[in-house]
Every structure is written in C-alpha cells, then in structure tokens.
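File shown: final.csv (CSV, C-alpha atoms).
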```csv
chain,number,residue,atom,x,y,z
A,1,GLN,CA,-99.4,-8.9,112.1
A,2,PRO,CA,-96.4,-8.7,109.7
A,3,VAL,CA,-97.2,-8.0,106.0
A,4,TYR,CA,-95.8,-10.3,103.4
A,5,THR,CA,-95.7,-9.8,99.6
A,6,TYR,CA,-96.6,-13.0,97.7
A,7,PHE,CA,-95.4,-14.0,94.2
A,8,ALA,CA,-96.0,-17.3,92.5
A,9,VAL,CA,-95.8,-19.2,89.2
A,10,PHE,CA,-97.8,-22.3,88.5
A,11,ASP,CA,-97.3,-24.4,85.3
A,12,GLY,CA,-100.1,-26.9,84.7
A,13,HIS,CA,-99.6,-30.2,82.9
A,14,GLY,CA,-102.3,-32.6,81.7
A,15,GLY,CA,-104.8,-29.8,82.0
A,16,SER,CA,-105.3,-26.5,83.7
A,17,ALA,CA,-107.7,-27.3,86.7
A,18,SER,CA,-104.9,-27.8,89.3
A,19,SER,CA,-102.9,-24.7,88.2
A,20,LYS,CA,-106.1,-22.5,88.3
A,21,LEU,CA,-107.0,-23.8,91.8
A,22,ALA,CA,-103.4,-23.2,93.0
A,23,ALA,CA,-103.5,-19.6,91.5
A,24,SER,CA,-106.7,-18.8,93.3
A,25,LYS,CA,-106.3,-20.6,96.6
A,26,LEU,CA,-102.7,-21.3,97.6
A,27,GLY,CA,-102.1,-17.7,98.7
A,28,GLN,CA,-105.2,-17.8,100.9
A,29,LEU,CA,-103.9,-21.0,102.5
A,30,VAL,CA,-100.6,-19.4,103.2
A,31,ASP,CA,-102.3,-16.3,104.7
A,32,ARG,CA,-104.4,-18.5,107.0
A,33,TYR,CA,-101.3,-20.2,108.5
A,34,LEU,CA,-99.5,-16.9,108.8
A,35,ASP,CA,-102.5,-15.3,110.6
A,36,ASN,CA,-102.2,-18.2,113.1
A,37,LYS,CA,-98.6,-17.4,113.8
A,38,VAL,CA,-97.1,-20.3,111.9
A,39,GLU,CA,-93.5,-19.5,110.7
A,40,PRO,CA,-93.3,-18.6,107.0
A,41,LEU,CA,-91.5,-21.7,105.7
A,42,GLU,CA,-93.8,-24.0,107.6
A,43,ALA,CA,-96.9,-22.0,106.5
A,44,LEU,CA,-95.7,-22.5,102.9
A,45,ARG,CA,-95.1,-26.3,103.4
A,46,ARG,CA,-98.5,-26.9,105.0
A,47,ALA,CA,-100.3,-24.8,102.3
A,48,PHE,CA,-98.7,-27.0,99.5
A,49,ILE,CA,-99.8,-30.2,101.3
A,50,ASP,CA,-103.3,-28.8,101.9
A,51,LEU,CA,-103.8,-27.7,98.3
A,52,ASP,CA,-102.6,-31.1,97.0
A,53,GLU,CA,-105.2,-32.7,99.3
A,54,ASP,CA,-107.9,-30.4,97.8
A,55,ILE,CA,-106.9,-31.4,94.3
A,56,GLN,CA,-107.2,-35.1,95.2
A,57,GLN,CA,-110.6,-34.5,96.8
A,58,LEU,CA,-111.9,-32.7,93.8
A,59,GLY,CA,-110.7,-35.6,91.6
A,60,TYR,CA,-108.6,-33.5,89.2
A,61,LYS,CA,-106.5,-35.6,86.9
A,62,ASP,CA,-103.9,-33.0,86.1
A,63,GLY,CA,-101.1,-31.4,88.1
A,64,THR,CA,-99.1,-28.2,88.4
A,65,THR,CA,-95.7,-27.0,89.4
A,66,ALA,CA,-95.5,-24.3,92.1
A,67,SER,CA,-92.7,-21.8,92.7
A,68,VAL,CA,-93.7,-19.4,95.5
A,69,VAL,CA,-92.0,-16.5,97.1
A,70,LEU,CA,-92.9,-14.6,100.3
A,71,LEU,CA,-91.1,-11.3,100.8
A,72,ARG,CA,-91.0,-9.5,104.2
A,73,ASP,CA,-88.4,-6.8,104.9
A,74,SER,CA,-85.1,-8.2,103.9
A,75,SER,CA,-86.2,-11.9,104.0
A,76,LEU,CA,-87.3,-14.0,101.1
A,77,TYR,CA,-89.1,-17.2,101.9
A,78,ILE,CA,-89.3,-19.8,99.1
A,79,ALA,CA,-91.3,-23.0,98.5
A,80,HIS,CA,-91.1,-25.0,95.3
A,81,VAL,CA,-92.2,-28.2,93.5
A,82,GLY,CA,-91.6,-29.1,89.9
A,83,ASP,CA,-89.4,-27.6,87.2
A,84,SER,CA,-90.5,-24.0,87.3
A,85,ARG,CA,-87.5,-22.1,88.6
A,86,ILE,CA,-86.5,-19.2,90.9
A,87,VAL,CA,-83.2,-17.5,90.0
A,88,LEU,CA,-81.6,-14.5,91.7
A,89,LYS,CA,-78.9,-12.1,90.8
A,90,ARG,CA,-76.9,-10.4,93.5
A,91,ASN,CA,-74.3,-7.9,92.3
A,92,ASN,CA,-72.6,-10.0,89.5
A,93,GLU,CA,-73.4,-13.4,90.9
A,94,ILE,CA,-76.3,-15.5,89.5
A,95,ILE,CA,-77.8,-17.9,92.0
A,96,GLN,CA,-80.3,-20.7,91.0
A,97,VAL,CA,-82.3,-20.7,94.2
A,98,THR,CA,-84.4,-23.8,93.3
A,99,GLU,CA,-83.4,-27.2,92.0
A,100,ASP,CA,-85.6,-28.6,89.2
A,101,HIS,CA,-87.6,-31.6,90.4
A,102,LYS,CA,-87.2,-33.9,87.5
A,103,LEU,CA,-87.1,-37.7,87.2
A,104,THR,CA,-83.7,-37.3,85.4
A,105,ASP,CA,-82.3,-36.2,88.8
A,106,HIS,CA,-80.7,-39.3,90.6
A,107,GLU,CA,-82.1,-38.5,94.0
A,108,GLU,CA,-85.6,-37.7,92.7
A,109,MET,CA,-85.6,-40.9,90.7
A,110,GLN,CA,-84.6,-42.9,93.8
A,111,ASN,CA,-87.6,-41.5,95.7
A,112,TYR,CA,-89.9,-42.3,92.8
A,113,ARG,CA,-88.6,-45.9,92.7
A,114,LEU,CA,-89.2,-46.3,96.4
A,115,SER,CA,-92.8,-45.3,96.2
A,116,LYS,CA,-95.7,-47.8,96.7
A,117,TRP,CA,-97.1,-46.7,93.3
A,118,PHE,CA,-93.9,-47.7,91.5
A,119,SER,CA,-93.7,-51.1,93.2
A,120,GLU,CA,-97.4,-51.9,92.6
A,121,LYS,CA,-98.5,-50.2,89.4
A,122,SER,CA,-95.6,-49.3,87.2
A,123,LYS,CA,-95.4,-53.0,86.0
A,124,LEU,CA,-99.1,-52.9,85.1
A,125,VAL,CA,-98.5,-49.7,83.2
A,126,SER,CA,-95.6,-51.2,81.2
A,127,ARG,CA,-97.7,-54.3,80.4
A,128,GLY,CA,-100.6,-52.0,79.1
A,129,LYS,CA,-102.9,-53.1,81.9
A,130,ILE,CA,-103.6,-49.5,83.0
A,131,LYS,CA,-105.0,-47.3,80.3
A,132,GLY,CA,-104.6,-43.5,79.9
A,133,PHE,CA,-101.1,-43.5,81.3
A,134,LYS,CA,-99.0,-40.4,80.3
A,135,LEU,CA,-95.4,-40.0,81.1
A,136,ILE,CA,-94.5,-37.2,83.5
A,137,ALA,CA,-91.3,-35.2,83.6
A,138,VAL,CA,-91.6,-33.8,87.1
A,139,SER,CA,-91.0,-35.7,90.3
A,140,ARG,CA,-92.8,-33.3,92.6
A,141,SER,CA,-96.0,-31.4,91.9
A,142,LEU,CA,-99.4,-30.5,93.2
A,143,GLY,CA,-102.0,-32.9,91.9
A,144,ASP,CA,-101.1,-35.7,89.5
A,145,ASN,CA,-103.3,-38.1,91.5
A,146,PHE,CA,-102.7,-41.0,89.1
A,147,PHE,CA,-99.2,-41.3,90.5
A,148,GLU,CA,-100.4,-41.4,94.2
A,149,ASP,CA,-97.2,-41.3,96.4
A,150,ALA,CA,-94.7,-41.4,93.5
A,151,ILE,CA,-95.0,-37.7,92.8
A,152,SER,CA,-94.6,-35.7,96.0
A,153,PRO,CA,-96.3,-32.4,96.9
A,154,ILE,CA,-93.7,-31.6,99.7
A,155,PRO,CA,-91.8,-28.5,98.6
A,156,ASP,CA,-88.2,-27.6,99.0
A,157,THR,CA,-88.1,-24.5,101.2
A,158,SER,CA,-85.5,-22.0,101.9
A,159,GLU,CA,-84.9,-18.5,103.4
A,160,ILE,CA,-82.6,-15.9,101.8
A,161,LYS,CA,-81.5,-12.7,103.4
A,162,LEU,CA,-81.6,-9.9,100.8
A,163,THR,CA,-79.1,-7.0,100.6
A,164,GLY,CA,-81.3,-4.8,98.4
A,165,THR,CA,-79.2,-5.3,95.2
A,166,GLU,CA,-81.0,-8.5,94.0
A,167,LYS,CA,-83.1,-9.1,90.9
A,168,ILE,CA,-85.3,-12.2,91.0
A,169,VAL,CA,-86.9,-14.2,88.1
A,170,ILE,CA,-89.6,-16.8,88.7
A,171,ALA,CA,-90.6,-18.6,85.5
A,172,SER,CA,-91.8,-21.9,84.2
A,173,ASP,CA,-89.7,-24.4,82.2
A,174,GLY,CA,-91.0,-22.7,79.0
A,175,LEU,CA,-88.4,-20.0,79.7
A,176,TRP,CA,-85.6,-22.1,81.2
A,177,ASN,CA,-85.7,-24.8,78.5
A,178,VAL,CA,-84.7,-22.2,75.9
A,179,SER,CA,-82.6,-19.7,77.9
A,180,SER,CA,-79.8,-20.1,80.4
A,181,ASN,CA,-79.9,-18.3,83.7
A,182,GLU,CA,-77.3,-15.9,82.4
A,183,GLU,CA,-79.2,-15.2,79.2
A,184,VAL,CA,-82.4,-14.4,81.2
A,185,PHE,CA,-80.6,-11.9,83.3
A,186,LYS,CA,-79.1,-10.2,80.2
A,187,ILE,CA,-82.6,-9.7,79.0
A,188,VAL,CA,-83.8,-8.5,82.4
A,189,GLU,CA,-81.0,-5.9,82.6
A,190,LYS,CA,-81.6,-4.7,79.1
A,191,TYR,CA,-85.1,-3.7,80.1
A,192,THR,CA,-84.4,-2.6,83.7
A,193,PRO,CA,-84.7,1.2,84.1
A,194,GLN,CA,-81.3,2.7,85.2
A,195,LYS,CA,-81.2,4.8,88.3
A,196,ALA,CA,-80.5,8.5,87.5
```
How does this structure look as structure tokens?
Amino acid sequence: QPVYTYFAVFDGHGGSASSKLAASKLGQLVDRYLDNKVEPLEALRRAFIDLDEDIQQLGYKDGTTASVVLLRDSSLYIAHVGDSRIVLKRNNEIIQVTEDHKLTDHEEMQNYRLSKWFSEKSKLVSRGKIKGFKLIAVSRSLGDNFFEDAISPIPDTSEIKLTGTEKIVIASDGLWNVSSNEEVFKIVEKYTPQKA
C-alpha cells in the first residue's frame, strides 16, 4: 500500500465544531478510501462529501474551509473548499494553486443564485422572515447547513508533479487577507535554513 503524507488547514466560521470534526476525521476518511484502492483525487473528493454529510447529521450550525494536500513521491494531490489557500513557489515562480471560493467570484455567485435555497429562502431572509441569518463570505465549505445546496462541499481537486525545488504554504484567509503571495514567500525564505 503506497504511503501518503497528509497536510490540512481548516478555518471554522460561525463556531468551531465543524473545523474540529474535520481536523480529527477527514484524514481518516481519506485513508479509508485510499486503503480501498480509490485514486487519491477521488478519495479526497469523497471524503469531503462524507464529512459534510456527517456535519449535517450531527446538526452543527457552523462551517469550515478545508485545504488539504496529499504527498506521495513527486506527486502532490490537492482538494480545497473555501478561502484558505495553497500557494507554491518553484524556483522563482509563485503559483497560487487554489482559487478562493468567495461569493465575490462571478462563477461562484452564479452557482449560488442557481441553488434551490437561493430561489426559495433568500427572499424570506431579506424580508426578515428567517431569523438568525448571518452573511457568509465563502461559496464552498464543509457544513453551513443553513444554506443547504447554496454552499457546496464539492472540492476543487488537482495534481501537481513536483521537481524537488518547491516550497508550499497552506494557510487560512487570516494570512492571505493581510499579505500577498509574494510577501508570504519573502517571510518563508527569510526563515528557511540555507543548505551548506
């Protein structure tokens, strides 16, 4: 059985229950699929959907972003929902591997407006008929049951072949909102030990 190294960042909003569950369980779900010979990207996709269903069944009201990386040999497998971000530097090129899933993105907003929730409940929210409504910035997440089908748990997935020169940063919007990708890598390089 191939061995994968797993890295993940979860950023909860509206509470911490969903992010804590994701931190403790998502890796196990991915492992279970990998043990059953499911390809890595499909294993990640299924694990995201399973965890979202678990959050719904538990009745959690909050949600979480999820940015996950599986590393095996020279392959990096990525799955991502929300506005936490994965950025890679290869030689002198900085590559933002993930796109932030925000409602300010035209395509993400179109999907939101096509949802059953938007057509049936958003008018009730705007008229004050549904109480406890809180605005949400992300268009994809795990949890956020209030939004039903309007907020998707289906991750973007990708595979990247590594050359061995890369540095990778996985972080929540708490970092990316205050620092550019370039600024983050200046900090990383300042504290990266130099080879003798």
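Interatomic distance, atom CA of Leu114 of chain A to atom CA of Ile78 of chain A: 26.6 Å.
Minimum atom-to-atom distance to Leu70 of chain A, evaluated using only C-alpha atoms, belongs to A:Glu159 out of A:Glu159, A:Glu108, A:Asp83, A:Asp11.
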Practice item. Using all atoms listed in the file, give me every residue within 12 Å of (-99.8, -14.3, 106.3) in file coordinates, as an NGL selection string. Key: :A and (1-6 or 26-44 or 47 or 70-72 or 77)
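The two atoms in question, atom CA of Pro193 of chain A and atom CA of Lys167 of chain A, are spaced 12.4 Å apart.
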Check your understanding: Please, what distance in Å, to one decimal, runs between atom CA of Ser19 of chain A and atom CA of Leu175 of chain A?
Key -> 17.5 Å
Practice item. Excluding Gly143 of chain A and any residue of its chain fewer than 4 positions from it, enumerate the residues within 12 Å of it, using only C-alpha atoms, and give them as number ranges by chain. Key: A: 10-22, 48-66, 81-82, 138-139, 147-154
For the residues in that selection, give me C-alpha atoms as a compact mmCIF listing (two decimals), in the coordinates of the input.
```txt
# COMPACT_ATOMS: atom_id res chain seq x y z
CA PHE A 10 -97.80 -22.30 88.50
CA ASP A 11 -97.30 -24.40 85.30
CA GLY A 12 -100.10 -26.90 84.70
CA HIS A 13 -99.60 -30.20 82.90
CA GLY A 14 -102.30 -32.60 81.70
CA GLY A 15 -104.80 -29.80 82.00
CA SER A 16 -105.30 -26.50 83.70
CA ALA A 17 -107.70 -27.30 86.70
CA SER A 18 -104.90 -27.80 89.30
CA SER A 19 -102.90 -24.70 88.20
CA LYS A 20 -106.10 -22.50 88.30
CA LEU A 21 -107.00 -23.80 91.80
CA ALA A 22 -103.40 -23.20 93.00
CA PHE A 48 -98.70 -27.00 99.50
CA ILE A 49 -99.80 -30.20 101.30
CA ASP A 50 -103.30 -28.80 101.90
CA LEU A 51 -103.80 -27.70 98.30
CA ASP A 52 -102.60 -31.10 97.00
CA GLU A 53 -105.20 -32.70 99.30
CA ASP A 54 -107.90 -30.40 97.80
CA ILE A 55 -106.90 -31.40 94.30
CA GLN A 56 -107.20 -35.10 95.20
CA GLN A 57 -110.60 -34.50 96.80
CA LEU A 58 -111.90 -32.70 93.80
CA GLY A 59 -110.70 -35.60 91.60
CA TYR A 60 -108.60 -33.50 89.20
CA LYS A 61 -106.50 -35.60 86.90
CA ASP A 62 -103.90 -33.00 86.10
CA GLY A 63 -101.10 -31.40 88.10
CA THR A 64 -99.10 -28.20 88.40
CA THR A 65 -95.70 -27.00 89.40
CA ALA A 66 -95.50 -24.30 92.10
CA VAL A 81 -92.20 -28.20 93.50
CA GLY A 82 -91.60 -29.10 89.90
CA VAL A 138 -91.60 -33.80 87.10
CA SER A 139 -91.00 -35.70 90.30
CA PHE A 147 -99.20 -41.30 90.50
CA GLU A 148 -100.40 -41.40 94.20
CA ASP A 149 -97.20 -41.30 96.40
CA ALA A 150 -94.70 -41.40 93.50
CA ILE A 151 -95.00 -37.70 92.80
CA SER A 152 -94.60 -35.70 96.00
CA PRO A 153 -96.30 -32.40 96.90
CA ILE A 154 -93.70 -31.60 99.70
```
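If you measure from each of A:Lys161, A:Phe146, A:Lys190, A:Val184 to Phe118 of chain A using only C-alpha atoms, the closest one turns out to be A:Phe146.
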Point to revise | Neighbour residues at most 12 Å from (-87.8, -21.8, 85.8) (only C-alpha atoms) as a ChimeraX atom specification | key: /A:8-11,65-68,80-88,96-101,168-181,184
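Nearest to Ser74 of chain A of all the residues A:Glu120, A:Asp144, A:Glu93, A:Glu166 is A:Glu166, counting all atoms listed in the file.
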Check your understanding: From the list A:Thr192, A:Lys116, A:Arg46, A:Phe185, which residue is nearest Arg90 of chain A when using all atoms listed in the file?
Key -> A:Phe185
